[in-house]
Amino acid sequence: MKKNTVNDVTQLNPIDVRAIARPSSVAALQQLIKSHDGPVSFGGGRYSMGGQIATDNTLFIDMTGLNAVTGYDPAKKEITVQTGARWQDVIARIDPDDLSVSIMQSYSNFTVGGALSVNAHGRYIGQGPVIHSVKEIKIVTADGDLKTASPTLNKDLFYGAIGGYGALGAIVEAKLDLADNVNVERSIVKMPRADYAKFFDDNIRGNENVVFHNGDFYPPDYDTITAVTYSKTDKPAIVPDRLRPKKEVYLAEYLSIFAMTQVPGVNKLRPVVDEKIRFKTTEVVPRNYEASRYVEELEPSTRAMTTFVLQEYFVPADKLDEFAPKMAAILQKHNVNALNVSIRHAEKDPGAVMAWAQQGEVFAFVLYYKQWNNEKARQDVGTWTRELIDAALESGGTYYLPYQMHATESQFRQAYPRSDEFFALKQKYDPTQKFRNRLWDKYDPNGPKVDPETPQFRREHTKLGQMKKKFAEAVAPKQSSRKFKPPTP
Ligand SMILES: Cc1cc2nc3c(=O)[nH]c(=O)nc-3n(C[C@H](O)[C@H](O)[C@H](O)COP(=O)(O)OP(=O)(O)OC[C@H]3O[C@@H](n4cnc5c(N)ncnc54)[C@H](O)[C@@H]3O)c2cc1C
């Protein structure tokens, strides 16, 4: 079979897979899984950032061909979709009925399957992990069988597969709760970071009028929070479109990100830019307009030399003021080229085995930063990432798994205390380790235990490393032939 390479949005993780398939029916997917005797992995939008979508020599199944709406009941506010569908497709389908997705990420490019498999969250208040909005899933397991799972039927599969990063099978269909597509009005409040917890308690927590909320803080001082809140309103929208139109080019966004990460001192002006330009006017838009943002807003013109990466840490709600200064200090100590840290809130997870909000409600700290595409940068990022993970763990928190895999095994185990239960489930549903990717290759004790972040692995898997190896192989025989000349008769 032809060799193929798959990569994620960062372009940091090229993976040579055995073949790529894009089935367009569940039956075809079942047949692929049943008939392929090697490892198999799944990708949706490929916005995860550390090799969660594949591992060497797998059969890579691109799930985006399975994208149909298979059931829709606007009166019940319920939709059933194949999971290769992207949120933007789901929104477009339900918008004419003035309905909206209940819980999704901040951008609409992600697939439903990717969102469920990482148990994603957004900026919604009174919500939390996406599992809250899932009524039922259909999943193809390693034997090729199609199983239905819900909080009452095949419970272990439901709570294992959501947040399970493709380890237990291909989630092919999901029945989701929907919400009303109300108009929302934006309000902005700036405050010292230390005042944010009280602001949240007084104005946001339990406020049923609030739909979206996040609190952003910026380098280099990380000491002021800009709280951005979208609340329900009866006022008419100020935009003509119901959904956000996709621009051909995001020039203004690109230039401002470039300036903030490349031009010294510009980040200091960020609060002024927010006040005078970005948040200058009051905004009233439909919920679907705000939900249908495109990640292209954040996309640089090239990722050849540097790339933009996300990380995320979760801490119990009462540890916000303990963790925020620790995080700021680590980012400052290592001169991390951060754009911002965005604080979100999430309610307790109802039972996912690999939950990131296991104990109760949490604040999420989403870090968006720029990194060079070289090995030194990668190892440096590893160092401060492990410090941040330690800080989150000390505060009784955890970190998010769709990003680079710098956590040590012991950090992973502490951060995900039910991982043994998860790996036992994997043994039950996938005893031959058919479903693999770099995340589970690294942390599953029954997997090959290959760490994609070690210098040796990196040497073997980067283009430069491969070129050096090829060069060494090409040169080695010549050198020996120079040294040893067979006698001429
Ligand atoms: C700019 C940006 C913003 C982001 N914002 C948020 C945010 O607001 N909230 C948040 O929670 N996350 C956020 N993320 C992270 C992102 O949500 C996750 O990476 C999510 O997985 C993206 O979905 P995807 O379709 O790209 O999944 P992929 O990256 O393609 O896959 C993710 C994982 O799910 C598995 N998988 C995918 N589809 C299936 C399937 N059908 N069945 C079984 N396994 C499957 C894959 O094997 C992989 O392990 C953001 C990422 C970026 C780049």
# chains A, B, ... in the order shown; residues from 1 in each chain; ligands from 1
call {"tool": "closest_atom_pairs", "arguments": {"of": "chain A", "to": "ligand 1", "cutoff": "8 Å", "atoms": "only C-alpha atoms and all ligand atoms", "output": "CSV"}}
result
residue,atom,partner,partner_atom_place_in_ligand_line,distance
A:Asp8,CA,ligand 1,29 (O),7.1
A:Val9,CA,ligand 1,53 (C),6.6
A:Thr10,CA,ligand 1,53 (C),7.9
A:Ser41,CA,ligand 1,47 (O),5.8
A:Phe42,CA,ligand 1,47 (O),4.0
A:Gly43,CA,ligand 1,30 (O),3.8
A:Gly44,CA,ligand 1,30 (O),3.3
A:Gly45,CA,ligand 1,26 (O),3.3
A:Arg46,CA,ligand 1,30 (O),3.4
A:Tyr47,CA,ligand 1,26 (O),3.7
A:Ser48,CA,ligand 1,19 (O),3.3
A:Met49,CA,ligand 1,19 (O),6.7
A:Gly51,CA,ligand 1,49 (O),7.8
A:Gln52,CA,ligand 1,49 (O),4.1
A:Ile53,CA,ligand 1,47 (O),4.2
A:Ala54,CA,ligand 1,47 (O),6.6
A:Met63,CA,ligand 1,41 (N),5.8
A:Thr83,CA,ligand 1,41 (N),5.2
A:Gly84,CA,ligand 1,41 (N),6.1
A:Arg86,CA,ligand 1,25 (O),7.3
A:Met104,CA,ligand 1,9 (N),7.1
A:Gln105,CA,ligand 1,8 (O),3.7
A:Ser106,CA,ligand 1,8 (O),4.0
A:Tyr107,CA,ligand 1,5 (N),6.3
A:Asn109,CA,ligand 1,25 (O),7.3
A:Phe110,CA,ligand 1,25 (O),4.0
A:Thr111,CA,ligand 1,25 (O),3.7
A:Val112,CA,ligand 1,25 (O),6.5
A:Gly113,CA,ligand 1,41 (N),3.7
A:Gly114,CA,ligand 1,27 (O),3.3
A:Ala115,CA,ligand 1,20 (C),4.9
A:Leu116,CA,ligand 1,34 (O),7.3
A:Ser117,CA,ligand 1,34 (O),4.4
A:Val118,CA,ligand 1,21 (O),5.3
A:Asn119,CA,ligand 1,11 (O),6.7
A:Ala120,CA,ligand 1,11 (O),3.3
A:His121,CA,ligand 1,11 (O),4.1
A:Gly122,CA,ligand 1,8 (O),4.6
A:Arg123,CA,ligand 1,8 (O),7.0
A:Pro129,CA,ligand 1,11 (O),7.7
A:Ile139,CA,ligand 1,42 (N),7.5
A:Ala161,CA,ligand 1,43 (C),7.4
A:Gly164,CA,ligand 1,44 (N),7.3
A:Tyr165,CA,ligand 1,49 (O),3.7
A:Gly166,CA,ligand 1,44 (N),3.4
A:Ala167,CA,ligand 1,44 (N),7.1
A:Leu168,CA,ligand 1,43 (C),7.6
A:Gly169,CA,ligand 1,43 (C),5.7
A:Ala170,CA,ligand 1,42 (N),3.7
A:Ile171,CA,ligand 1,42 (N),3.8
A:Val172,CA,ligand 1,41 (N),5.4
A:Glu173,CA,ligand 1,41 (N),7.9
A:Val295,CA,ligand 1,1 (C),5.2
A:Leu298,CA,ligand 1,1 (C),6.6
A:Val309,CA,ligand 1,53 (C),7.3
A:Leu310,CA,ligand 1,52 (C),6.7
A:Pro402,CA,ligand 1,19 (O),5.0
A:Tyr403,CA,ligand 1,19 (O),7.2
A:Asn437,CA,ligand 1,49 (O),6.9
A:Leu439,CA,ligand 1,49 (O),7.5
call {"tool": "select_by_dssp", "arguments": {"residues": "stretch 304-385 of chain A", "states": "helix (DSSP H, G or I)", "output": "VMD selection string"}}
result
chain A and resid 317 to 333 375 to 385
call {"tool": "residues_around", "arguments": {"residues": "A:Arg418", "least_positions_apart": "2", "cutoff": "9 Å", "atoms": "only C-alpha atoms", "output": "PDB file with N, CA and C atoms, in the first residue's frame"}}
result
ATOM      1  N   VAL A 353     -15.089   8.544  32.246  1.00  0.00           N
ATOM      2  CA  VAL A 353     -13.974   7.927  32.979  1.00  0.00           C
ATOM      3  C   VAL A 353     -12.737   8.828  32.908  1.00  0.00           C
ATOM      4  N   MET A 354     -12.497   9.424  31.734  1.00  0.00           N
ATOM      5  CA  MET A 354     -11.320  10.300  31.580  1.00  0.00           C
ATOM      6  C   MET A 354     -11.735  11.764  31.719  1.00  0.00           C
ATOM      7  N   ALA A 355     -12.606  12.021  32.683  1.00  0.00           N
ATOM      8  CA  ALA A 355     -13.120  13.389  32.853  1.00  0.00           C
ATOM      9  C   ALA A 355     -12.033  14.335  33.326  1.00  0.00           C
ATOM     10  N   ARG A 413      -1.042   9.989  35.277  1.00  0.00           N
ATOM     11  CA  ARG A 413      -1.827   9.130  36.174  1.00  0.00           C
ATOM     12  C   ARG A 413      -2.482   9.931  37.303  1.00  0.00           C
ATOM     13  N   TYR A 416      -5.337  11.998  35.754  1.00  0.00           N
ATOM     14  CA  TYR A 416      -6.490  11.186  35.350  1.00  0.00           C
ATOM     15  C   TYR A 416      -6.555   9.953  36.250  1.00  0.00           C
ATOM     16  N   ASP A 420      -6.688   3.712  35.138  1.00  0.00           N
ATOM     17  CA  ASP A 420      -6.613   2.239  35.174  1.00  0.00           C
ATOM     18  C   ASP A 420      -7.949   1.619  34.748  1.00  0.00           C
ATOM     19  N   GLU A 421      -9.025   2.235  35.235  1.00  0.00           N
ATOM     20  CA  GLU A 421     -10.365   1.764  34.860  1.00  0.00           C
ATOM     21  C   GLU A 421     -10.550   1.899  33.336  1.00  0.00           C
ATOM     22  N   PHE A 422     -10.042   3.007  32.799  1.00  0.00           N
ATOM     23  CA  PHE A 422     -10.153   3.252  31.353  1.00  0.00           C
ATOM     24  C   PHE A 422      -9.367   2.193  30.570  1.00  0.00           C
ATOM     25  N   PHE A 423      -8.138   1.899  31.036  1.00  0.00           N
ATOM     26  CA  PHE A 423      -7.324   0.928  30.304  1.00  0.00           C
ATOM     27  C   PHE A 423      -7.918  -0.486  30.432  1.00  0.00           C
TER      28      PHE A 423
END
call {"tool": "select_by_dssp", "arguments": {"residues": "stretch 75-168 of chain A", "states": "strand (DSSP E)", "output": "ChimeraX atom specification"}}
result
/A:78-82,99-101,134-140,146-149
call {"tool": "closest_atom_pairs", "arguments": {"of": "stretch 357-472 of chain A", "to": "stretch 323-331 of chain A", "cutoff": "8 Å", "atoms": "only C-alpha atoms", "output": "Markdown table"}}
result
| residue | atom | partner | partner_atom | distance |
| --- | --- | --- | --- | --- |
| A:Trp384 | CA | A:Ile330 | CA | 7.0 |
| A:Glu387 | CA | A:Ile330 | CA | 7.3 |
| A:Leu388 | CA | A:Met327 | CA | 6.4 |
| A:Ala391 | CA | A:Lys326 | CA | 6.8 |
| A:Ala392 | CA | A:Phe323 | CA | 6.7 |
| A:Ser395 | CA | A:Phe323 | CA | 6.5 |
call {"tool": "write_last_selection", "arguments": {"atoms": "C-alpha atoms", "output": "mmCIF file, in the first residue's frame"}}
result
data_model
loop_
_atom_site.group_PDB
_atom_site.id
_atom_site.type_symbol
_atom_site.label_atom_id
_atom_site.label_comp_id
_atom_site.auth_asym_id
_atom_site.auth_seq_id
_atom_site.Cartn_x
_atom_site.Cartn_y
_atom_site.Cartn_z
ATOM 1 C CA TRP A 384 7.600 24.586 31.315
ATOM 2 C CA GLU A 387 5.906 22.838 35.555
ATOM 3 C CA LEU A 388 2.419 24.047 34.666
ATOM 4 C CA ALA A 391 1.124 23.582 39.462
ATOM 5 C CA ALA A 392 -2.344 22.417 38.342
ATOM 6 C CA SER A 395 -4.080 22.864 43.197
#
call {"tool": "atom_distance", "arguments": {"atom1": "atom CA of A:Tyr289", "atom2": "atom CA of A:Gly128"}}
result
20.4 Å
call {"tool": "residues_around", "arguments": {"residues": "A:Gly351", "least_positions_apart": "3", "cutoff": "10 Å", "atoms": "only C-alpha atoms", "output": "list of chain:residue names"}}
result
A:Ile131, A:His132, A:Pro151, A:Lys155, A:Asp156, A:Phe158, A:Tyr159, A:Gly160, A:Ile162, A:Lys348, A:Met354, A:Ala355, A:Ala357, A:Gln358, A:Gln359
call {"tool": "write_last_selection", "arguments": {"atoms": "N, CA and C atoms", "output": "PDB file, in the first residue's frame"}}
result
ATOM      1  N   ILE A 131     -20.320  16.060  27.081  1.00  0.00           N
ATOM      2  CA  ILE A 131     -21.056  14.840  27.446  1.00  0.00           C
ATOM      3  C   ILE A 131     -22.422  15.163  28.046  1.00  0.00           C
ATOM      4  N   HIS A 132     -22.540  16.343  28.680  1.00  0.00           N
ATOM      5  CA  HIS A 132     -23.828  16.746  29.256  1.00  0.00           C
ATOM      6  C   HIS A 132     -24.923  16.811  28.200  1.00  0.00           C
ATOM      7  N   PRO A 151     -26.354   6.837  28.822  1.00  0.00           N
ATOM      8  CA  PRO A 151     -26.161   6.759  30.285  1.00  0.00           C
ATOM      9  C   PRO A 151     -26.858   5.548  30.911  1.00  0.00           C
ATOM     10  N   LYS A 155     -23.476   1.471  29.530  1.00  0.00           N
ATOM     11  CA  LYS A 155     -22.969   2.662  30.230  1.00  0.00           C
ATOM     12  C   LYS A 155     -21.455   2.789  30.174  1.00  0.00           C
ATOM     13  N   ASP A 156     -20.781   1.647  30.345  1.00  0.00           N
ATOM     14  CA  ASP A 156     -19.307   1.719  30.421  1.00  0.00           C
ATOM     15  C   ASP A 156     -18.712   2.233  29.107  1.00  0.00           C
ATOM     16  N   PHE A 158     -20.332   4.195  26.955  1.00  0.00           N
ATOM     17  CA  PHE A 158     -20.708   5.616  26.839  1.00  0.00           C
ATOM     18  C   PHE A 158     -19.720   6.483  27.622  1.00  0.00           C
ATOM     19  N   TYR A 159     -19.509   6.160  28.882  1.00  0.00           N
ATOM     20  CA  TYR A 159     -18.648   6.996  29.724  1.00  0.00           C
ATOM     21  C   TYR A 159     -17.159   6.798  29.423  1.00  0.00           C
ATOM     22  N   GLY A 160     -16.831   5.706  28.704  1.00  0.00           N
ATOM     23  CA  GLY A 160     -15.428   5.491  28.324  1.00  0.00           C
ATOM     24  C   GLY A 160     -15.102   6.138  26.985  1.00  0.00           C
ATOM     25  N   ILE A 162     -16.649   8.647  25.391  1.00  0.00           N
ATOM     26  CA  ILE A 162     -16.672  10.122  25.397  1.00  0.00           C
ATOM     27  C   ILE A 162     -15.502  10.567  26.284  1.00  0.00           C
ATOM     28  N   LYS A 348     -19.404  20.176  36.790  1.00  0.00           N
ATOM     29  CA  LYS A 348     -18.865  18.830  37.014  1.00  0.00           C
ATOM     30  C   LYS A 348     -19.274  17.867  35.883  1.00  0.00           C
ATOM     31  N   MET A 354     -12.497   9.424  31.734  1.00  0.00           N
ATOM     32  CA  MET A 354     -11.320  10.300  31.580  1.00  0.00           C
ATOM     33  C   MET A 354     -11.735  11.764  31.719  1.00  0.00           C
ATOM     34  N   ALA A 355     -12.606  12.021  32.683  1.00  0.00           N
ATOM     35  CA  ALA A 355     -13.120  13.389  32.853  1.00  0.00           C
ATOM     36  C   ALA A 355     -12.033  14.335  33.326  1.00  0.00           C
ATOM     37  N   ALA A 357     -13.226  17.251  34.619  1.00  0.00           N
ATOM     38  CA  ALA A 357     -13.936  17.957  35.709  1.00  0.00           C
ATOM     39  C   ALA A 357     -14.546  16.888  36.606  1.00  0.00           C
ATOM     40  N   GLN A 358     -13.668  16.052  37.139  1.00  0.00           N
ATOM     41  CA  GLN A 358     -14.107  14.856  37.837  1.00  0.00           C
ATOM     42  C   GLN A 358     -14.736  15.142  39.209  1.00  0.00           C
ATOM     43  N   GLN A 359     -14.112  16.086  39.930  1.00  0.00           N
ATOM     44  CA  GLN A 359     -14.534  16.274  41.327  1.00  0.00           C
ATOM     45  C   GLN A 359     -15.682  17.267  41.482  1.00  0.00           C
TER      46      GLN A 359
END
